[in-house]
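J.: Mind looking over this structure? Questions follow.
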Amino acid sequence: SGDKLKDQKLPELTEGQILTVEGSALTAGKTKPPARFTEASLVKTLEEKGIGRPSTYAPTISTIEERTYVERQNKYLVPTELGEIVNELMEENFANIVDEKFTAKMENELDMVAEDKVNYVEMLKEFYGPFEKSVKNAEENAKKVKIPEVETDIKCELCGRNMVIKQGRFGKFLACPGYPEC
């Protein structure tokens, strides 16, 4: 096993020497996606990583649901297509800010400001310079994303075309693909 091989030294090898394989094993297996968060497991993870405060956990969960970044499936919080897209855009354009270590560090610095151990103006200057650059970069380089519409079997009462499901700021809704003409 791995422990037996750990202390063994390789034999002397020369360039161009042909080596043979004396044994190998192929094992079949499936990878599992990570388990989805429940509200409780998400709060536990936030606590463990030092992100947020007990007073912010419920509003955070409400916000990601209201913005339709996640939806509840049984007891699990499952990312929506919009949530996946927003997450990808945030990771591409604000990698330092969505990093859990950054968030925990910021929480700690805010505590220090509250205790008058850190000057908040200096802390904001340190944060805002790189953040402003990230925002400008995102404005210039972020790709425009459109969530694909899903066609339904429901007919438009006016033109007879199949209605589509669109994603709006208040959630999903049915719309005629002929809009604005129809």
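Naming scheme: A, B, ... for chains in displayed order of the structure tokens; residues 1 onward per chain; ligands 1 onward as shown.
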From a DSSP pass on the backbone, collect the residues of region 16-166 of chain A flagged as helix (DSSP H, G or I) and hand them back as a PyMOL selection string.
T.: chain A and resi 39-49+54-66+81-93+95-98+100-114+120-141
J.: Would you mind listing what lies within 12 Å of Leu46 (chain A) as JSON, numbers by chain, with only C-alpha atoms counted and same-chain residues fewer than 5 positions away left out?
T.: {"A": [37, 39, 40, 41, 51, 52, 53, 54, 56, 57, 58, 60, 61, 100, 101, 103, 104, 107]}
J.: Store the residues of this selection in a file with N, CA, C and O atoms, as an mmCIF file, in the first residue's frame.
T.:
data_model
loop_
_atom_site.group_PDB
_atom_site.id
_atom_site.type_symbol
_atom_site.label_atom_id
_atom_site.label_comp_id
_atom_site.auth_asym_id
_atom_site.auth_seq_id
_atom_site.Cartn_x
_atom_site.Cartn_y
_atom_site.Cartn_z
ATOM 1 N N PHE A 37 -26.821 22.276 0.536
ATOM 2 C CA PHE A 37 -27.038 22.845 1.857
ATOM 3 C C PHE A 37 -28.509 22.786 2.222
ATOM 4 O O PHE A 37 -29.380 22.994 1.378
ATOM 5 N N GLU A 39 -30.931 24.794 5.222
ATOM 6 C CA GLU A 39 -30.775 26.070 5.921
ATOM 7 C C GLU A 39 -29.846 25.894 7.126
ATOM 8 O O GLU A 39 -28.944 26.699 7.355
ATOM 9 N N ALA A 40 -30.037 24.794 7.868
ATOM 10 C CA ALA A 40 -29.222 24.547 9.067
ATOM 11 C C ALA A 40 -27.758 24.301 8.715
ATOM 12 O O ALA A 40 -26.859 24.834 9.370
ATOM 13 N N SER A 41 -27.490 23.506 7.668
ATOM 14 C CA SER A 41 -26.095 23.214 7.329
ATOM 15 C C SER A 41 -25.398 24.448 6.760
ATOM 16 O O SER A 41 -24.201 24.632 6.959
ATOM 17 N N ILE A 51 -18.142 33.673 8.879
ATOM 18 C CA ILE A 51 -18.790 34.572 7.925
ATOM 19 C C ILE A 51 -20.147 34.981 8.478
ATOM 20 O O ILE A 51 -20.967 34.137 8.830
ATOM 21 N N GLY A 52 -20.385 36.282 8.538
ATOM 22 C CA GLY A 52 -21.669 36.772 9.013
ATOM 23 C C GLY A 52 -21.801 36.701 10.516
ATOM 24 O O GLY A 52 -20.849 36.403 11.250
ATOM 25 N N ARG A 53 -22.985 36.989 10.961
ATOM 26 C CA ARG A 53 -23.339 36.993 12.376
ATOM 27 C C ARG A 53 -24.687 36.287 12.504
ATOM 28 O O ARG A 53 -25.451 36.235 11.537
ATOM 29 N N PRO A 54 -25.023 35.805 13.689
ATOM 30 C CA PRO A 54 -26.350 35.186 13.853
ATOM 31 C C PRO A 54 -27.483 36.091 13.348
ATOM 32 O O PRO A 54 -28.451 35.604 12.768
ATOM 33 N N THR A 56 -27.412 37.993 10.828
ATOM 34 C CA THR A 56 -27.414 38.129 9.360
ATOM 35 C C THR A 56 -27.743 36.826 8.636
ATOM 36 O O THR A 56 -27.970 36.842 7.433
ATOM 37 N N TYR A 57 -27.767 35.692 9.335
ATOM 38 C CA TYR A 57 -27.971 34.413 8.663
ATOM 39 C C TYR A 57 -29.354 34.325 7.995
ATOM 40 O O TYR A 57 -29.452 34.000 6.817
ATOM 41 N N ALA A 58 -30.420 34.614 8.738
ATOM 42 C CA ALA A 58 -31.769 34.516 8.171
ATOM 43 C C ALA A 58 -31.964 35.502 7.016
ATOM 44 O O ALA A 58 -32.470 35.113 5.951
ATOM 45 N N THR A 60 -29.734 36.671 5.010
ATOM 46 C CA THR A 60 -28.919 36.194 3.888
ATOM 47 C C THR A 60 -29.669 35.109 3.123
ATOM 48 O O THR A 60 -29.755 35.142 1.887
ATOM 49 N N ILE A 61 -30.226 34.157 3.842
ATOM 50 C CA ILE A 61 -30.961 33.069 3.196
ATOM 51 C C ILE A 61 -32.199 33.617 2.496
ATOM 52 O O ILE A 61 -32.498 33.246 1.363
ATOM 53 N N GLU A 100 -13.886 33.131 0.953
ATOM 54 C CA GLU A 100 -14.349 33.061 2.342
ATOM 55 C C GLU A 100 -13.338 33.641 3.334
ATOM 56 O O GLU A 100 -13.715 34.197 4.359
ATOM 57 N N LYS A 101 -12.047 33.541 3.024
ATOM 58 C CA LYS A 101 -11.034 34.102 3.919
ATOM 59 C C LYS A 101 -11.133 35.630 3.943
ATOM 60 O O LYS A 101 -10.981 36.250 4.979
ATOM 61 N N THR A 103 -13.861 37.343 3.400
ATOM 62 C CA THR A 103 -15.086 37.688 4.127
ATOM 63 C C THR A 103 -14.867 37.597 5.634
ATOM 64 O O THR A 103 -15.261 38.494 6.380
ATOM 65 N N ALA A 104 -14.238 36.526 6.091
ATOM 66 C CA ALA A 104 -13.967 36.365 7.517
ATOM 67 C C ALA A 104 -13.028 37.475 8.012
ATOM 68 O O ALA A 104 -13.221 38.034 9.102
ATOM 69 N N GLU A 107 -15.005 40.649 8.354
ATOM 70 C CA GLU A 107 -15.819 40.590 9.578
ATOM 71 C C GLU A 107 -14.966 40.952 10.791
ATOM 72 O O GLU A 107 -15.381 41.723 11.654
#
J.: Would you please work out which residue, of A:Tyr128, A:Lys136, A:Val21, A:Ile147, is nearest to Glu84 (chain A) when using only C-alpha atoms?
T.: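 When distances to Glu84 (chain A) are compared using only C-alpha atoms, the smallest one comes from A:Ile147.
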J.: Using only C-alpha atoms, which residues sit within 7 Å of Glu151 (chain A) once same-chain residues fewer than 4 positions away are excluded, as a ChimeraX atom specification?
T.: /A:162-165
J.: Mind dumping the selected residues with N, CA and C atoms as a PDB file, in the first residue's frame?
T.:
ATOM      1  N   ASN A 162     -46.401  29.369 -28.892  1.00  0.00           N
ATOM      2  CA  ASN A 162     -46.149  28.743 -27.596  1.00  0.00           C
ATOM      3  C   ASN A 162     -45.503  29.756 -26.651  1.00  0.00           C
ATOM      4  N   MET A 163     -46.066  29.860 -25.448  1.00  0.00           N
ATOM      5  CA  MET A 163     -45.538  30.779 -24.443  1.00  0.00           C
ATOM      6  C   MET A 163     -44.182  30.252 -23.954  1.00  0.00           C
ATOM      7  N   VAL A 164     -43.363  31.154 -23.426  1.00  0.00           N
ATOM      8  CA  VAL A 164     -42.059  30.779 -22.891  1.00  0.00           C
ATOM      9  C   VAL A 164     -41.998  31.179 -21.418  1.00  0.00           C
ATOM     10  N   ILE A 165     -41.148  30.485 -20.676  1.00  0.00           N
ATOM     11  CA  ILE A 165     -40.916  30.836 -19.282  1.00  0.00           C
ATOM     12  C   ILE A 165     -39.705  31.753 -19.255  1.00  0.00           C
TER      13      ILE A 165
END
J.: Please provide the set of residues having any atom within 12 Å of Ala142 (chain A), restricted to only C-alpha atoms, with same-chain residues fewer than 6 positions apart removed, written as an MDAnalysis selection string.
T.: chainID A and resid 85:86 88:94 134:136
J.: Deliver the residues from the most recent selection as a file, using N, CA, C and O atoms, as a PDB file, in the first residue's frame.
T.:
ATOM      1  N   ILE A  85     -25.151  31.341 -12.713  1.00  0.00           N
ATOM      2  CA  ILE A  85     -24.577  32.390 -13.565  1.00  0.00           C
ATOM      3  C   ILE A  85     -23.991  33.513 -12.718  1.00  0.00           C
ATOM      4  O   ILE A  85     -22.868  33.973 -12.956  1.00  0.00           O
ATOM      5  N   VAL A  86     -24.743  33.952 -11.716  1.00  0.00           N
ATOM      6  CA  VAL A  86     -24.261  35.027 -10.841  1.00  0.00           C
ATOM      7  C   VAL A  86     -23.003  34.571 -10.107  1.00  0.00           C
ATOM      8  O   VAL A  86     -22.029  35.323  -9.996  1.00  0.00           O
ATOM      9  N   GLU A  88     -20.795  32.361 -11.070  1.00  0.00           N
ATOM     10  CA  GLU A  88     -19.682  32.328 -12.032  1.00  0.00           C
ATOM     11  C   GLU A  88     -19.160  33.735 -12.317  1.00  0.00           C
ATOM     12  O   GLU A  88     -17.946  33.963 -12.329  1.00  0.00           O
ATOM     13  N   LEU A  89     -20.079  34.687 -12.516  1.00  0.00           N
ATOM     14  CA  LEU A  89     -19.660  36.064 -12.783  1.00  0.00           C
ATOM     15  C   LEU A  89     -18.922  36.660 -11.586  1.00  0.00           C
ATOM     16  O   LEU A  89     -17.928  37.374 -11.753  1.00  0.00           O
ATOM     17  N   MET A  90     -19.392  36.360 -10.385  1.00  0.00           N
ATOM     18  CA  MET A  90     -18.720  36.872  -9.185  1.00  0.00           C
ATOM     19  C   MET A  90     -17.328  36.269  -9.054  1.00  0.00           C
ATOM     20  O   MET A  90     -16.372  36.978  -8.745  1.00  0.00           O
ATOM     21  N   GLU A  91     -17.203  34.961  -9.285  1.00  0.00           N
ATOM     22  CA  GLU A  91     -15.891  34.317  -9.175  1.00  0.00           C
ATOM     23  C   GLU A  91     -14.922  34.843 -10.230  1.00  0.00           C
ATOM     24  O   GLU A  91     -13.739  35.014  -9.957  1.00  0.00           O
ATOM     25  N   GLU A  92     -15.424  35.123 -11.432  1.00  0.00           N
ATOM     26  CA  GLU A  92     -14.561  35.627 -12.510  1.00  0.00           C
ATOM     27  C   GLU A  92     -14.119  37.062 -12.260  1.00  0.00           C
ATOM     28  O   GLU A  92     -12.998  37.435 -12.584  1.00  0.00           O
ATOM     29  N   ASN A  93     -15.004  37.891 -11.706  1.00  0.00           N
ATOM     30  CA  ASN A  93     -14.736  39.321 -11.612  1.00  0.00           C
ATOM     31  C   ASN A  93     -14.412  39.834 -10.216  1.00  0.00           C
ATOM     32  O   ASN A  93     -13.859  40.918 -10.077  1.00  0.00           O
ATOM     33  N   PHE A  94     -14.774  39.074  -9.184  1.00  0.00           N
ATOM     34  CA  PHE A  94     -14.554  39.518  -7.810  1.00  0.00           C
ATOM     35  C   PHE A  94     -14.029  38.364  -6.967  1.00  0.00           C
ATOM     36  O   PHE A  94     -14.490  38.137  -5.847  1.00  0.00           O
ATOM     37  N   SER A 134     -11.869  46.335  -9.562  1.00  0.00           N
ATOM     38  CA  SER A 134     -12.629  45.134  -9.920  1.00  0.00           C
ATOM     39  C   SER A 134     -13.959  45.496 -10.576  1.00  0.00           C
ATOM     40  O   SER A 134     -14.371  44.865 -11.546  1.00  0.00           O
ATOM     41  N   VAL A 135     -14.627  46.527 -10.052  1.00  0.00           N
ATOM     42  CA  VAL A 135     -15.909  46.950 -10.620  1.00  0.00           C
ATOM     43  C   VAL A 135     -15.699  47.471 -12.040  1.00  0.00           C
ATOM     44  O   VAL A 135     -16.436  47.102 -12.963  1.00  0.00           O
ATOM     45  N   LYS A 136     -14.685  48.308 -12.238  1.00  0.00           N
ATOM     46  CA  LYS A 136     -14.423  48.839 -13.585  1.00  0.00           C
ATOM     47  C   LYS A 136     -14.076  47.710 -14.554  1.00  0.00           C
ATOM     48  O   LYS A 136     -14.542  47.689 -15.691  1.00  0.00           O
TER      49      LYS A 136
END
